[in-house]
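*Asks:* I am attaching a structure below and will ask some questions about it afterwards.
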Amino acid sequence: MADTDRKDLVAAARALDAAGHMPQKSGNLSLRTARGFVITPSGLPYAAMTEADLVECAADGAPLSNGRPSSEWRLHAAIFSARADAQAVVHTHSPRATALACARRGIPPLHYMITLAGAVGRAGIPCARHATFGTEALAQECVAALGEGLRATLLANHGVVALGASLAGAVALAREVENLAGQYLDLLAAGLKPVLLSKAELADAAAQLKGYGRPA
Ligand SMILES: [Zn+2]
């Protein structure tokens with residue numbers, strides 16, 4: 001794994017922490033490697049973390065380097081095993097998405113940006129069934145909620161998981177999930193009911209986003 005990748009992982013963790021998405025040392029990030037994955041360590045403040053603190057694990061989670069991997073390593077291992085399209089996994093406790101997850105509610109397709117999360121249908125981004133943090137049961141509930149095509153889910157009474165074909169993609173998606181959850185909570189607080197995007201509208205938005213940023 002390139003040193004730049006390790007630097008990017010630490011920088012991404014710090015940026016999410018600075019944005020308030022990782023309260024009290026929560027959350028964790030990982031990147032797939034040839035031997036398994038590299039993950040942020042357990043219980044270290046993000047501000048003090050360096051590339052040397054990252055822990056490389058085999059695909060089954062067995063540590064291949066010094067240090068203690070994040071307590072959610074099972075979650076990351078299970079996603080990399082189930083989803084060949086995942087090159088990076090980001091887990092946060094971002095406040096508004098976590099609030100929604102504490103009501104065991106997902107995010108319906110109220111804004112087209114939800115299509116960043118992949119094959120989103122009318123149900124939107126789901127909320128995975130509850131299981132204790134750090135357990136294989138949680139890892140399996142998360143993988144089940146993601147299915148084959150989703151790149152993000154909420155975890156009941158816990159937080160957010162996002163995956164991506166790149167670290168930047170997974171981080172951007174985790175941030176967007178927080179944004180969408182905030183929009184949904186604002187609507188609910190105002191007593192408004194969102195008008196949900198139809199399947200066809202979601203498909204159009206997904207096609208448009210694919211071309212976004214490319215020269216016309
Ligand atoms: Zn967590």
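Residues in the structure tokens are named by chain (A, B, ... in the order shown) and by number from 1 within that chain; ligands are numbered from 1 in the order shown.
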Can you list, as a ChimeraX atom specification, every residue of chain A that DSSP puts in alpha helix (DSSP H)?
*Replies:* /A:3-18,73-82,95-102,136-146,167-189,199-211
*Asks:* Grab me every residue within 8 Å of ligand 1, counting only C-alpha atoms and all ligand atoms, and send it over as a list in words.
*Replies:*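 The residues within 8 Å of ligand 1, counting only C-alpha atoms and all ligand atoms, are Ser26, Gly27, Asn28, Glu72, His91, Thr92, His93, Phe133, Gly134, His158, Gly159 and Val160 of chain A.
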*Asks:* Would you mind listing what lies within 8 Å of A:Gly124 as a ChimeraX atom specification, with only C-alpha atoms counted and same-chain residues fewer than 5 positions away left out?
*Replies:* /A:106-109,114
*Asks:* Convert the current residue selection to file output with C-alpha atoms, as an mmCIF file, in the first residue's frame.
*Replies:*
```cif
data_model
loop_
_atom_site.group_PDB
_atom_site.id
_atom_site.type_symbol
_atom_site.label_atom_id
_atom_site.label_comp_id
_atom_site.auth_asym_id
_atom_site.auth_seq_id
_atom_site.Cartn_x
_atom_site.Cartn_y
_atom_site.Cartn_z
ATOM 1 C CA GLY A 106 -33.846 5.297 7.118
ATOM 2 C CA ILE A 107 -33.717 8.252 4.722
ATOM 3 C CA PRO A 108 -36.365 8.292 1.982
ATOM 4 C CA PRO A 109 -35.509 9.608 -1.507
ATOM 5 C CA ILE A 114 -29.415 10.243 -2.443
#
```
*Asks:* Using only C-alpha atoms, what table do you get, as CSV, when you list each residue of stretch 116-204 of chain A with an atom no more than 9 Å from stretch 96-100 of chain A, its nearest pair of atoms, and their distance in Å rounded to one decimal, rows by chain then rising number?
*Replies:*
```
residue,atom,partner,partner_atom,distance
A:Cys127,CA,A:Leu100,CA,8.9
A:Leu154,CA,A:Ala97,CA,7.3
A:Leu155,CA,A:Thr98,CA,8.0
A:Ala156,CA,A:Thr98,CA,8.1
A:Asn157,CA,A:Thr98,CA,6.9
A:His158,CA,A:Thr98,CA,6.0
A:Gly159,CA,A:Thr98,CA,4.5
A:Val160,CA,A:Ala97,CA,6.8
A:Val177,CA,A:Ala97,CA,6.8
A:Glu178,CA,A:Ala97,CA,5.1
A:Asn179,CA,A:Arg96,CA,8.1
A:Leu180,CA,A:Ala97,CA,8.0
A:Ala181,CA,A:Ala97,CA,5.0
A:Gly182,CA,A:Arg96,CA,5.6
A:Tyr184,CA,A:Leu100,CA,8.8
A:Leu185,CA,A:Leu100,CA,7.5
```
*Asks:* For each of A:Pro45, A:Asp186, A:Ala11, A:Thr115, take the minimum atom-to-atom distance to A:Glu201, counting only C-alpha atoms, then give the residue where this is smallest.
*Replies:*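 When distances to A:Glu201 are compared using only C-alpha atoms, the smallest one comes from A:Thr115.
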*Asks:* Counting only C-alpha atoms, what are the residues of stretch 53-105 of chain A within 9 Å of stretch 136-139 of chain A, and for each of them which pair of atoms is the nearest and at what distance in Å, to one decimal? Sort the table by chain and rising number, as JSON lines.
*Replies:*
```
{"residue": "A:Glu72", "atom": "CA", "partner": "A:Ala139", "partner_atom": "CA", "distance": 8.3}
{"residue": "A:Trp73", "atom": "CA", "partner": "A:Ala139", "partner_atom": "CA", "distance": 9.0}
{"residue": "A:Arg74", "atom": "CA", "partner": "A:Glu136", "partner_atom": "CA", "distance": 5.9}
{"residue": "A:Leu75", "atom": "CA", "partner": "A:Ala139", "partner_atom": "CA", "distance": 4.2}
{"residue": "A:His76", "atom": "CA", "partner": "A:Ala139", "partner_atom": "CA", "distance": 7.6}
{"residue": "A:Ala77", "atom": "CA", "partner": "A:Ala139", "partner_atom": "CA", "distance": 8.3}
{"residue": "A:Ala78", "atom": "CA", "partner": "A:Ala139", "partner_atom": "CA", "distance": 6.0}
{"residue": "A:Ile79", "atom": "CA", "partner": "A:Ala139", "partner_atom": "CA", "distance": 7.7}
```
*Asks:* How would the residues just chosen look if you wrote them out with N, CA and C atoms as a PDB file, in the first residue's frame?
*Replies:*
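This is the output file out_14.pdb:
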```pdb
ATOM      1  N   GLU A  72     -14.429  -1.871  15.423  1.00  0.00           N
ATOM      2  CA  GLU A  72     -15.401  -2.247  14.378  1.00  0.00           C
ATOM      3  C   GLU A  72     -14.726  -2.933  13.196  1.00  0.00           C
ATOM      4  N   TRP A  73     -13.571  -3.566  13.396  1.00  0.00           N
ATOM      5  CA  TRP A  73     -12.874  -4.187  12.262  1.00  0.00           C
ATOM      6  C   TRP A  73     -13.735  -5.260  11.597  1.00  0.00           C
ATOM      7  N   ARG A  74     -14.611  -5.911  12.361  1.00  0.00           N
ATOM      8  CA  ARG A  74     -15.456  -6.969  11.760  1.00  0.00           C
ATOM      9  C   ARG A  74     -16.396  -6.395  10.696  1.00  0.00           C
ATOM     10  N   LEU A  75     -16.884  -5.196  10.974  1.00  0.00           N
ATOM     11  CA  LEU A  75     -17.774  -4.509  10.041  1.00  0.00           C
ATOM     12  C   LEU A  75     -17.049  -4.262   8.711  1.00  0.00           C
ATOM     13  N   HIS A  76     -15.837  -3.764   8.814  1.00  0.00           N
ATOM     14  CA  HIS A  76     -15.056  -3.463   7.609  1.00  0.00           C
ATOM     15  C   HIS A  76     -14.699  -4.745   6.861  1.00  0.00           C
ATOM     16  N   ALA A  77     -14.260  -5.762   7.608  1.00  0.00           N
ATOM     17  CA  ALA A  77     -13.883  -7.044   6.979  1.00  0.00           C
ATOM     18  C   ALA A  77     -15.078  -7.636   6.235  1.00  0.00           C
ATOM     19  N   ALA A  78     -16.257  -7.570   6.850  1.00  0.00           N
ATOM     20  CA  ALA A  78     -17.451  -8.169   6.244  1.00  0.00           C
ATOM     21  C   ALA A  78     -17.846  -7.431   4.965  1.00  0.00           C
ATOM     22  N   ILE A  79     -17.714  -6.104   4.964  1.00  0.00           N
ATOM     23  CA  ILE A  79     -18.080  -5.337   3.765  1.00  0.00           C
ATOM     24  C   ILE A  79     -17.091  -5.619   2.634  1.00  0.00           C
TER      25      ILE A  79
END
```
*Asks:* Can you check which residues of stretch 1-208 of chain A DSSP gives as strand (DSSP E) on the backbone and send them as a ChimeraX atom specification?
*Replies:* /A:28-32,36-39,55-58,88-92,127-128,152-155,159-164
*Asks:* Those selected residues, please, written with C-alpha atoms and delivered as an mmCIF file, in the first residue's frame.
*Replies:*
```cif
data_model
loop_
_atom_site.group_PDB
_atom_site.id
_atom_site.type_symbol
_atom_site.label_atom_id
_atom_site.label_comp_id
_atom_site.auth_asym_id
_atom_site.auth_seq_id
_atom_site.Cartn_x
_atom_site.Cartn_y
_atom_site.Cartn_z
ATOM 1 C CA ASN A 28 -13.405 4.410 11.759
ATOM 2 C CA LEU A 29 -12.100 4.288 8.192
ATOM 3 C CA SER A 30 -10.451 1.598 6.109
ATOM 4 C CA LEU A 31 -8.933 0.998 2.694
ATOM 5 C CA ARG A 32 -8.657 -2.305 0.860
ATOM 6 C CA GLY A 36 -6.711 -7.366 3.269
ATOM 7 C CA PHE A 37 -7.302 -3.847 4.528
ATOM 8 C CA VAL A 38 -5.738 -1.002 6.482
ATOM 9 C CA ILE A 39 -7.891 0.485 9.240
ATOM 10 C CA VAL A 55 -3.264 -1.216 11.406
ATOM 11 C CA GLU A 56 -3.123 -3.583 8.458
ATOM 12 C CA CYS A 57 -5.349 -6.655 8.760
ATOM 13 C CA ALA A 58 -5.768 -9.791 6.671
ATOM 14 C CA ALA A 88 -12.887 2.060 1.089
ATOM 15 C CA VAL A 89 -15.289 1.964 4.039
ATOM 16 C CA VAL A 90 -16.181 4.923 6.246
ATOM 17 C CA HIS A 91 -18.122 4.585 9.508
ATOM 18 C CA THR A 92 -19.219 7.702 11.394
ATOM 19 C CA CYS A 127 -31.484 1.558 8.621
ATOM 20 C CA ALA A 128 -29.863 -1.794 9.409
ATOM 21 C CA ALA A 152 -24.679 3.512 2.395
ATOM 22 C CA THR A 153 -26.818 2.491 5.335
ATOM 23 C CA LEU A 154 -27.674 3.733 8.783
ATOM 24 C CA LEU A 155 -27.031 1.414 11.739
ATOM 25 C CA GLY A 159 -24.447 5.648 13.114
ATOM 26 C CA VAL A 160 -23.585 5.609 9.419
ATOM 27 C CA VAL A 161 -21.685 3.302 7.062
ATOM 28 C CA ALA A 162 -20.619 4.322 3.564
ATOM 29 C CA LEU A 163 -18.481 2.508 1.043
ATOM 30 C CA GLY A 164 -16.868 3.666 -2.157
#
```
*Asks:* Suppose you want the space between atom CA of A:Ala84 and atom CA of A:Arg35; what is it in Å?
*Replies:*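 These two atoms are separated by 14.2 Å.
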*Asks:* Pick from A:Ala103, A:Leu116, A:Ala82, A:Met1: nearest to A:Ala34, with only C-alpha atoms counted?
*Replies:* A:Met1
*Asks:* In Å, with one decimal, what is the gap from atom CA of A:Ser65 to atom CA of A:Gly169?
*Replies:*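 Computing it gives 26.3 Å between the two atoms.
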*Asks:* Env of stretch 194-199 of chain A: 9 Å cut, atoms = only C-alpha atoms, seq-sep filter 4 positions within chain, self excluded. Answer as a PyMOL selection string.
*Replies:* chain A and resi 108-112+120-122+184+187-188+203-204
*Asks:* Determine the nearest neighbour of A:Glu141 from the options A:Arg129, A:Arg105, A:Arg83, A:Arg14, counting only C-alpha atoms.
*Replies:*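 Nearest to A:Glu141: A:Arg129.
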*Asks:* Distance atom CA of A:Gly118-atom CA of A:Ala206, one decimal place?
*Replies:* 8.2 Å
